[in-house]
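Data block below; observations after.
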Amino acid sequence: MSPRTGDVHYVLNGAFYRMATLEMGDPAAPPVICVHGLTRNAHDFDSLMQALASRFLMIAPDLPGRGSSEWLPDGDLYQPVSYVQALSHLLARIGRPVMWVGTSLGGICGMLIAAARGQPITRMVLNDIGPYVPVSALARIRDYMLAAPASFADLHELEAHLRVVYAPFGHLADADWAHMARFSARSLPDGRIALHYDPKIADPIRRDAPKEIDMWALWERIDIPLLAIRGETSDLFLLETLQRMTAGGARSLTIAGAGHAPALTDQASHEAIADFLSR
């Protein structure tokens, strides 16, 4: 089953922009929004969407500046508040309760929305993200973003780069890496390829020194069933953070052999997420 492509238009800072989406499943089925991480795109969820599309309407947006979505004119606009603004337009278009799967930044956006009064999320899966992120992990992400090559000769060279940078995603098959490379590439006028996002998304972290993220106060306002997935060796989603979340009632799943963030391409992850969303 191939995903259907679409888009939603949202207003931000006095102008309208286009956010691309992928959809799979029966439009009448319960909707599940899947939101990717900082430098990734909607195609990260292709295998999860395939696995769950018989039960749910799976919807995965490309966050602004990523994948097929329109780039923003100012790098300073690449902030969680802007992504929540764009996602709010998607939620308004759906117009009914939704469930949420968020990886890293996608989970931060989910938490911001779920803590708001009148929010529409009924269940949420947080993939390797919680209310606290240590500064050391943010510094590591900043360093690999700023060190990324400006271009690559071909998909093989890009895939080799991805295999190093995203090694913490876990034990991916060769086909998974090839799929990631295919959808992580954008063509350049000189025939080379670049990573499929606006380089300006790095502007905020290039300008400001990393600071820890502490959203425990916001977390206390979230009152929906939660599944927290953690990569066994994650440096971003600390074990003590997971333990505090589960003490408050969240369910948990640990992915062996993964760090930040599990790719969610394996059958065990698919089954655990489907079971949680079906309850």
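Ordered as shown in the structure tokens, chains take letters A, B, and onward, while each chain numbers its residues from 1 and ligands are numbered from 1 in the order shown.
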(Q) Give me, as a VMD selection string, all polymer residues having an atom no more than 6 Å from Val101 of chain A, counting only C-alpha atoms and skipping those fewer than 3 positions away in the same chain. (A) chain A and resid 34 124 to 125
Q | Sel. of alpha helix (DSSP H) residues, segment 103-208 of chain A, as a PyMOL selection string | A | chain A and resi 105-114+135-147+155-165+174-183+203-207
Restricted to N, CA and C atoms, what would the selected residues look like written as a short mmCIF file (atom, residue, chain, number, x, y, z; two decimals), in the first residue's frame?
data_model
loop_
_atom_site.label_atom_id
_atom_site.label_comp_id
_atom_site.auth_asym_id
_atom_site.auth_seq_id
_atom_site.Cartn_x
_atom_site.Cartn_y
_atom_site.Cartn_z
N LEU A 105 11.69 15.45 18.63
CA LEU A 105 11.00 16.73 18.45
C LEU A 105 9.51 16.53 18.24
N GLY A 106 9.13 15.48 17.51
CA GLY A 106 7.71 15.20 17.32
C GLY A 106 6.99 14.91 18.62
N GLY A 107 7.70 14.33 19.59
CA GLY A 107 7.13 14.11 20.92
C GLY A 107 7.04 15.38 21.72
N ILE A 108 8.02 16.27 21.57
CA ILE A 108 7.95 17.56 22.25
C ILE A 108 6.73 18.34 21.76
N CYS A 109 6.51 18.33 20.44
CA CYS A 109 5.32 19.00 19.90
C CYS A 109 4.05 18.37 20.46
N GLY A 110 4.04 17.04 20.55
CA GLY A 110 2.88 16.35 21.10
C GLY A 110 2.61 16.74 22.54
N MET A 111 3.66 16.84 23.34
CA MET A 111 3.47 17.22 24.74
C MET A 111 2.96 18.65 24.87
N LEU A 112 3.48 19.56 24.05
CA LEU A 112 3.01 20.94 24.08
C LEU A 112 1.52 21.02 23.75
N ILE A 113 1.09 20.24 22.77
CA ILE A 113 -0.32 20.25 22.40
C ILE A 113 -1.17 19.57 23.46
N ALA A 114 -0.70 18.42 23.97
CA ALA A 114 -1.47 17.65 24.94
C ALA A 114 -1.65 18.39 26.26
N VAL A 135 21.65 18.67 28.67
CA VAL A 135 22.36 19.56 27.76
C VAL A 135 23.38 18.79 26.94
N SER A 136 23.98 17.73 27.49
CA SER A 136 25.00 16.99 26.76
C SER A 136 24.43 16.36 25.49
N ALA A 137 23.20 15.85 25.55
CA ALA A 137 22.58 15.25 24.37
C ALA A 137 22.28 16.32 23.33
N LEU A 138 21.83 17.48 23.76
CA LEU A 138 21.54 18.56 22.82
C LEU A 138 22.82 19.06 22.16
N ALA A 139 23.92 19.07 22.91
CA ALA A 139 25.21 19.48 22.34
C ALA A 139 25.66 18.47 21.28
N ARG A 140 25.44 17.18 21.51
CA ARG A 140 25.80 16.16 20.53
C ARG A 140 25.00 16.36 19.24
N ILE A 141 23.70 16.62 19.37
CA ILE A 141 22.86 16.84 18.19
C ILE A 141 23.32 18.09 17.44
N ARG A 142 23.63 19.16 18.17
CA ARG A 142 24.14 20.38 17.53
C ARG A 142 25.41 20.07 16.75
N ASP A 143 26.31 19.31 17.34
CA ASP A 143 27.60 19.05 16.70
C ASP A 143 27.44 18.26 15.41
N TYR A 144 26.56 17.23 15.41
CA TYR A 144 26.45 16.46 14.17
C TYR A 144 25.69 17.24 13.10
N MET A 145 24.77 18.11 13.49
CA MET A 145 24.09 18.94 12.49
C MET A 145 25.06 19.93 11.85
N LEU A 146 25.88 20.57 12.66
CA LEU A 146 26.79 21.58 12.12
C LEU A 146 27.92 20.96 11.33
N ALA A 147 28.22 19.68 11.60
CA ALA A 147 29.31 19.01 10.89
C ALA A 147 28.84 18.28 9.64
N LEU A 155 23.59 8.66 -3.74
CA LEU A 155 22.87 8.05 -2.64
C LEU A 155 23.76 7.14 -1.80
N HIS A 156 24.73 6.49 -2.43
CA HIS A 156 25.62 5.60 -1.68
C HIS A 156 26.43 6.40 -0.65
N GLU A 157 26.92 7.55 -1.06
CA GLU A 157 27.68 8.40 -0.14
C GLU A 157 26.78 8.93 0.96
N LEU A 158 25.56 9.32 0.61
CA LEU A 158 24.61 9.80 1.61
C LEU A 158 24.26 8.69 2.59
N GLU A 159 24.00 7.49 2.09
CA GLU A 159 23.65 6.38 2.97
C GLU A 159 24.78 6.08 3.95
N ALA A 160 26.02 6.14 3.48
CA ALA A 160 27.16 5.90 4.38
C ALA A 160 27.18 6.92 5.52
N HIS A 161 26.86 8.16 5.19
CA HIS A 161 26.78 9.21 6.22
C HIS A 161 25.66 8.91 7.21
N LEU A 162 24.49 8.52 6.71
CA LEU A 162 23.35 8.25 7.57
C LEU A 162 23.64 7.07 8.50
N ARG A 163 24.32 6.05 8.00
CA ARG A 163 24.63 4.88 8.81
C ARG A 163 25.51 5.25 10.02
N VAL A 164 26.32 6.28 9.87
CA VAL A 164 27.16 6.72 10.99
C VAL A 164 26.37 7.61 11.94
N VAL A 165 25.73 8.63 11.39
CA VAL A 165 25.03 9.62 12.21
C VAL A 165 23.85 9.00 12.95
N ASP A 174 19.54 -3.60 5.67
CA ASP A 174 20.07 -2.82 4.56
C ASP A 174 18.96 -2.09 3.80
N ALA A 175 17.81 -2.77 3.66
CA ALA A 175 16.69 -2.13 2.95
C ALA A 175 16.19 -0.90 3.70
N ASP A 176 16.25 -0.93 5.03
CA ASP A 176 15.83 0.24 5.82
C ASP A 176 16.77 1.42 5.58
N TRP A 177 18.08 1.14 5.56
CA TRP A 177 19.04 2.22 5.31
C TRP A 177 18.87 2.79 3.90
N ALA A 178 18.64 1.91 2.92
CA ALA A 178 18.44 2.38 1.55
C ALA A 178 17.19 3.24 1.45
N HIS A 179 16.12 2.83 2.15
CA HIS A 179 14.88 3.60 2.18
C HIS A 179 15.12 4.97 2.81
N MET A 180 15.85 4.99 3.92
CA MET A 180 16.14 6.26 4.59
C MET A 180 16.94 7.18 3.68
N ALA A 181 17.93 6.62 2.99
CA ALA A 181 18.75 7.45 2.10
C ALA A 181 17.91 8.02 0.96
N ARG A 182 17.04 7.19 0.40
CA ARG A 182 16.21 7.65 -0.72
C ARG A 182 15.38 8.86 -0.34
N PHE A 183 14.79 8.83 0.86
CA PHE A 183 13.90 9.91 1.26
C PHE A 183 14.61 10.98 2.09
N ASP A 203 19.91 27.11 12.40
CA ASP A 203 20.23 28.47 12.85
C ASP A 203 20.01 28.69 14.35
N PRO A 204 18.87 28.25 14.91
CA PRO A 204 18.68 28.50 16.36
C PRO A 204 19.73 27.82 17.23
N ILE A 205 20.13 26.59 16.87
CA ILE A 205 21.12 25.91 17.71
C ILE A 205 22.54 26.37 17.39
N ARG A 206 22.73 26.96 16.20
CA ARG A 206 24.04 27.52 15.87
C ARG A 206 24.25 28.81 16.66
N ARG A 207 23.18 29.56 16.85
CA ARG A 207 23.28 30.87 17.51
C ARG A 207 23.35 30.77 19.02
#
Could you pull the residues within 8 Å of Ala263 of chain A, counting only C-alpha atoms, minus those fewer than 4 positions along the same chain, as a CSV table (one decimal) with N, CA and C atoms, in the first residue's frame?
chain,number,residue,atom,x,y,z
A,44,ASP,N,10.0,8.5,7.7
A,44,ASP,CA,10.5,7.6,8.8
A,44,ASP,C,9.4,6.7,9.3
A,169,PHE,N,19.8,4.6,15.9
A,169,PHE,CA,18.4,4.2,15.5
A,169,PHE,C,18.2,2.7,15.8
A,170,GLY,N,19.3,1.9,15.9
A,170,GLY,CA,19.1,0.5,16.2
A,170,GLY,C,19.6,-0.4,15.0
A,172,LEU,N,19.0,-1.8,11.9
A,172,LEU,CA,18.2,-1.6,10.7
A,172,LEU,C,18.8,-2.6,9.6
Q: Identify, on the basis of only C-alpha atoms, every residue whose closest approach to Asn127 of chain A does not exceed 7 Å; exclude the query and any residue fewer than 6 positions from it along the same chain; express the result as a PyMOL selection string.
A: chain A and resi 102-104+107+228-230+261
Q | DSSP strand (DSSP E or B) residues within segment 31-211 of chain A, as a count of residues only | A | 34
Q. If you measure from atom CA of Asp266 of chain A to atom CA of Glu240 of chain A, what distance in Å do you get, rounded to one decimal?
A. 25.2 Å
**Q.** Option closest in space to Gln267 of chain A, from A:Met1, A:Leu188, A:Leu52, A:Leu90 [counting only C-alpha atoms]
**A.** A:Leu52
All residues 6 Å or closer to segment 67-73 of chain A, only C-alpha atoms, same chain fewer than 6 positions away omitted, as a PDB file with C-alpha atoms, in the first residue's frame:
ATOM      1  CA  ARG A  18       2.393  24.662   2.976  1.00  0.00           C
ATOM      2  CA  MET A  19       3.063  21.575   5.106  1.00  0.00           C
ATOM      3  CA  ALA A  20       3.160  18.265   3.204  1.00  0.00           C
ATOM      4  CA  ASN A  41      10.782  13.535   7.647  1.00  0.00           C
ATOM      5  CA  HIS A 196      16.266  16.826   2.602  1.00  0.00           C
ATOM      6  CA  TYR A 197      15.805  19.784   4.914  1.00  0.00           C
TER       7      TYR A 197
END
Q) Got a sec: who's within 7 Å of segment 213-218 of chain A, counting only C-alpha atoms, leaving out chain neighbours fewer than 5 positions off, as a ChimeraX atom specification? A) /A:115,131-134
